[in-house]
Amino acid sequence: MVGNGDTGDSANGDRGLRRLAAGTLLASFHGMTAPDWVRHELAAGLGGVTLFGFNVSSPTQLLDLTSAMKAAGEPVVSLDEEGGDVTRLAYHVGSPCPGNAALGAVDDVELTAQVYRAIGAELAACGVNLDMAPDADINVADDNPVVGTRSFGKDTGLVARHTAAAVRGLESVGVAACVKHFPGHGATTVDSHLALPVVDVSVDELRARELVPFIAAIEAGTKSIMTAHVAVPSLTGSEPATLSDAALTTLLRRELGYDGVVVTDALDMHAIIGGVGLIGGAVRSIAAGADLLCLGPAPDQHDITRIIDGIIAAVRDGDLPGERLEEAADRVARLHAWFRASAGSGAVGAREVIGLDAARRAVRLTGTVTPLVDPFVVEVDTPPNIAAGEVPWGVAPWLPTAEVLRVRAAEADTADLLARAAGRSLVVVLKDAHRHADSRELVSTLVAARPDTTVIEMGIPAWRPDGVAHIATYGAARVNARAAAELLTA
């Protein structure tokens, strides 16, 4: 037992405490191969890694990478593969699976399970054992800058049943789900990467809305749940849920009865480091009830050492109960036992085939499209959110005969665009126009002059110009674009 003040003075005691501290961390690194320091830390007990788009070039390369890390230790190998706009496997080309908004628009829970089963099968084949998905947030606020198409929708029941289906799909092939972001990130208009959002609702309102999908996920057997860096004043006061005993222990553990692994959202986000710092965030999140700490892409080898040392010091100083580290280690050990028991859980159909079918079922056409004549396509650029990153999007790959121009709305010359579109079919492609006034202004000007324009919205279709053909894809994945293009060329 490692208790407060009972860390042992021997070298074995020191190594044991360090191993427990390191076992709570999910580190990251840049590059397609694991650095020596990562393999060394894995051998010394590092809990695992979180991979990003800059770590992945192909399935073969990813399997080589994960195999090398597993040869060094027993890591949790995690990444964010939500399908749709947030993908790591297809970061450089766009996902072959639609995201949650498209699946919610179809509202077929068996399709959702099938899509997530296909995602999980590919992850398992690449050596990834924990998917930081699905997103269980309810899209309460249209202006939410970080959730959007990552959510199954606005309806509590819909989000709950599809969250459960996604969990079942992933875990049926031996990949642990990590349902996020507890206790709910959908009712905010602030990105927790940049600041601390506030969800200002009563605990009763939280139970009736935000918590419902998490309860469904727990009942479906989710192996892990990710915390949100959001403050809920009625529950957590002014601190984020990630650091809140009331959120993670009292509510999640005791009231909801969850005994799986709790994973933090990335601790390098401003909602944490802007308040208590990286080391403080690590110590306080473990004390609150977290078992694995996702550190995000910024912390390097030096930071990892500092965090481990900070956790050890907090135990020795009595600020962090040593029993909390042992409890976390036990939960992670049970997760590894599940990995071993669930390996090779069965093959599924090709992700591309399943994903395209889902995207075709999700796409919605309002109005009538006319046959394309020498099409001129204007894609209105939208800055990506930090969670998605710079994943390619747009219809260009599926309209090879079209002239496609990517523009920034604030800089666009509408007269020039209309002149170039004269005598030609005009197609305008958007993402989340409801969140960008300059995009709405540009499109409104174009369609006023060209009411025969076809508008394709690849985000949340909360705004649309009147009187024109409108295609809503509910996401900007590669297959969403193809499904839209097929409507134009049918």
# chains A, B, ... in the order shown; residues from 1 in each chain; ligands from 1
$ residues_around --residues "Ser285 of chain A" --least-positions-apart "5" --cutoff "9 Å" --atoms "only C-alpha atoms" --output "count of residues only"
11
$ residues_around --residues "Val332 of chain A" --least-positions-apart "3" --cutoff "10 Å" --atoms "only C-alpha atoms" --output "short mmCIF file (atom, residue, chain, number, x, y, z; two decimals) with N, CA and C atoms, in the first residue's frame"
data_model
loop_
_atom_site.label_atom_id
_atom_site.label_comp_id
_atom_site.auth_asym_id
_atom_site.auth_seq_id
_atom_site.Cartn_x
_atom_site.Cartn_y
_atom_site.Cartn_z
N GLY A 23 2.13 5.70 -14.58
CA GLY A 23 1.05 4.89 -15.12
C GLY A 23 -0.23 5.66 -15.36
N THR A 24 -0.33 6.87 -14.84
CA THR A 24 -1.54 7.68 -15.06
C THR A 24 -1.46 8.53 -16.33
N GLY A 47 1.71 5.06 -18.69
CA GLY A 47 0.39 4.50 -18.95
C GLY A 47 0.09 4.27 -20.41
N PRO A 75 1.13 -0.40 -23.22
CA PRO A 75 0.50 0.91 -23.25
C PRO A 75 -0.97 0.88 -23.63
N VAL A 76 -1.71 1.82 -23.10
CA VAL A 76 -2.97 2.21 -23.71
C VAL A 76 -2.60 3.07 -24.92
N LYS A 223 -16.03 1.42 -21.51
CA LYS A 223 -14.84 1.13 -20.70
C LYS A 223 -14.18 2.39 -20.16
N SER A 224 -14.47 3.54 -20.77
CA SER A 224 -13.88 4.78 -20.25
C SER A 224 -14.78 5.96 -20.58
N GLY A 260 -15.55 2.36 -14.30
CA GLY A 260 -14.56 2.19 -15.36
C GLY A 260 -13.49 3.26 -15.27
N VAL A 261 -12.68 3.35 -16.31
CA VAL A 261 -11.56 4.29 -16.34
C VAL A 261 -12.06 5.69 -16.69
N VAL A 262 -11.64 6.67 -15.92
CA VAL A 262 -11.92 8.07 -16.23
C VAL A 262 -10.66 8.69 -16.83
N ASP A 291 -8.24 8.65 -13.76
CA ASP A 291 -7.31 7.52 -13.75
C ASP A 291 -6.22 7.63 -14.80
N LEU A 292 -6.54 8.19 -15.96
CA LEU A 292 -5.57 8.41 -17.02
C LEU A 292 -5.64 9.87 -17.45
N GLU A 326 -3.09 3.96 -6.66
CA GLU A 326 -3.31 2.51 -6.71
C GLU A 326 -4.67 2.17 -7.30
N GLU A 327 -5.66 2.97 -6.96
CA GLU A 327 -7.00 2.76 -7.50
C GLU A 327 -6.98 2.96 -9.02
N ALA A 328 -6.29 4.01 -9.48
CA ALA A 328 -6.18 4.25 -10.92
C ALA A 328 -5.47 3.09 -11.61
N ALA A 329 -4.39 2.62 -10.99
CA ALA A 329 -3.63 1.51 -11.58
C ALA A 329 -4.49 0.25 -11.68
N LEU A 335 -8.73 -2.68 -17.45
CA LEU A 335 -8.90 -2.33 -18.86
C LEU A 335 -8.00 -3.19 -19.74
N HIS A 336 -6.75 -3.37 -19.33
CA HIS A 336 -5.83 -4.22 -20.10
C HIS A 336 -6.31 -5.67 -20.13
N ALA A 337 -6.87 -6.13 -19.04
CA ALA A 337 -7.41 -7.49 -19.02
C ALA A 337 -8.55 -7.62 -20.03
N TRP A 338 -9.36 -6.58 -20.13
CA TRP A 338 -10.44 -6.58 -21.13
C TRP A 338 -9.88 -6.56 -22.54
#
$ atom_distance --atom1 "atom CA of Asp137 of chain A" --atom2 "atom CA of Arg209 of chain A"
9.7 Å
$ residues_around --residues "Leu158 of chain A" --least-positions-apart "3" --cutoff "12 Å" --atoms "only C-alpha atoms" --output "PyMOL selection string"
chain A and resi 100-101+103-109+112+136-139+151-155+161-165+209+212-213+216
$ atom_distance --atom1 "atom CA of Phe52 of chain A" --atom2 "atom CA of Gly169 of chain A"
22.2 Å
$ closest_residue --among "A:Val353, A:Ala231, A:Cys97, A:Ala396" --to "Tyr474 of chain A" --atoms "only C-alpha atoms"
A:Cys97
$ select_by_dssp --residues "segment 380-438 of chain A" --states "strand (DSSP E)" --output "number ranges by chain"
A: 380-381, 403-408, 426-430
$ atom_distance --atom1 "atom CA of Asp330 of chain A" --atom2 "atom CA of Val276 of chain A"
27.0 Å
$ select_by_dssp --residues "segment 358-425 of chain A" --states "helix (DSSP H, G or I)" --output "compact mmCIF listing (two decimals) with C-alpha atoms, in the first residue's frame"
# COMPACT_ATOMS: atom_id res chain seq x y z
CA ALA A 358 -24.38 6.17 -44.14
CA ALA A 359 -23.44 9.47 -45.81
CA ARG A 360 -25.87 8.87 -48.67
CA ARG A 361 -28.66 8.20 -46.19
CA ALA A 362 -27.84 11.36 -44.25
CA ALA A 396 -13.43 19.04 -55.57
CA PRO A 397 -12.40 15.34 -55.65
CA TRP A 398 -15.91 14.33 -56.71
CA ALA A 409 -15.53 35.19 -47.34
CA ALA A 410 -14.18 38.47 -45.96
CA GLU A 411 -11.76 38.79 -48.88
CA THR A 414 -18.38 38.95 -55.40
CA ALA A 415 -18.43 40.81 -58.71
CA ASP A 416 -15.52 38.72 -59.95
CA LEU A 417 -17.10 35.50 -58.74
CA LEU A 418 -20.38 36.30 -60.50
CA ALA A 419 -18.53 37.24 -63.69
CA ARG A 420 -16.64 33.94 -63.66
CA ALA A 421 -19.88 32.06 -63.06
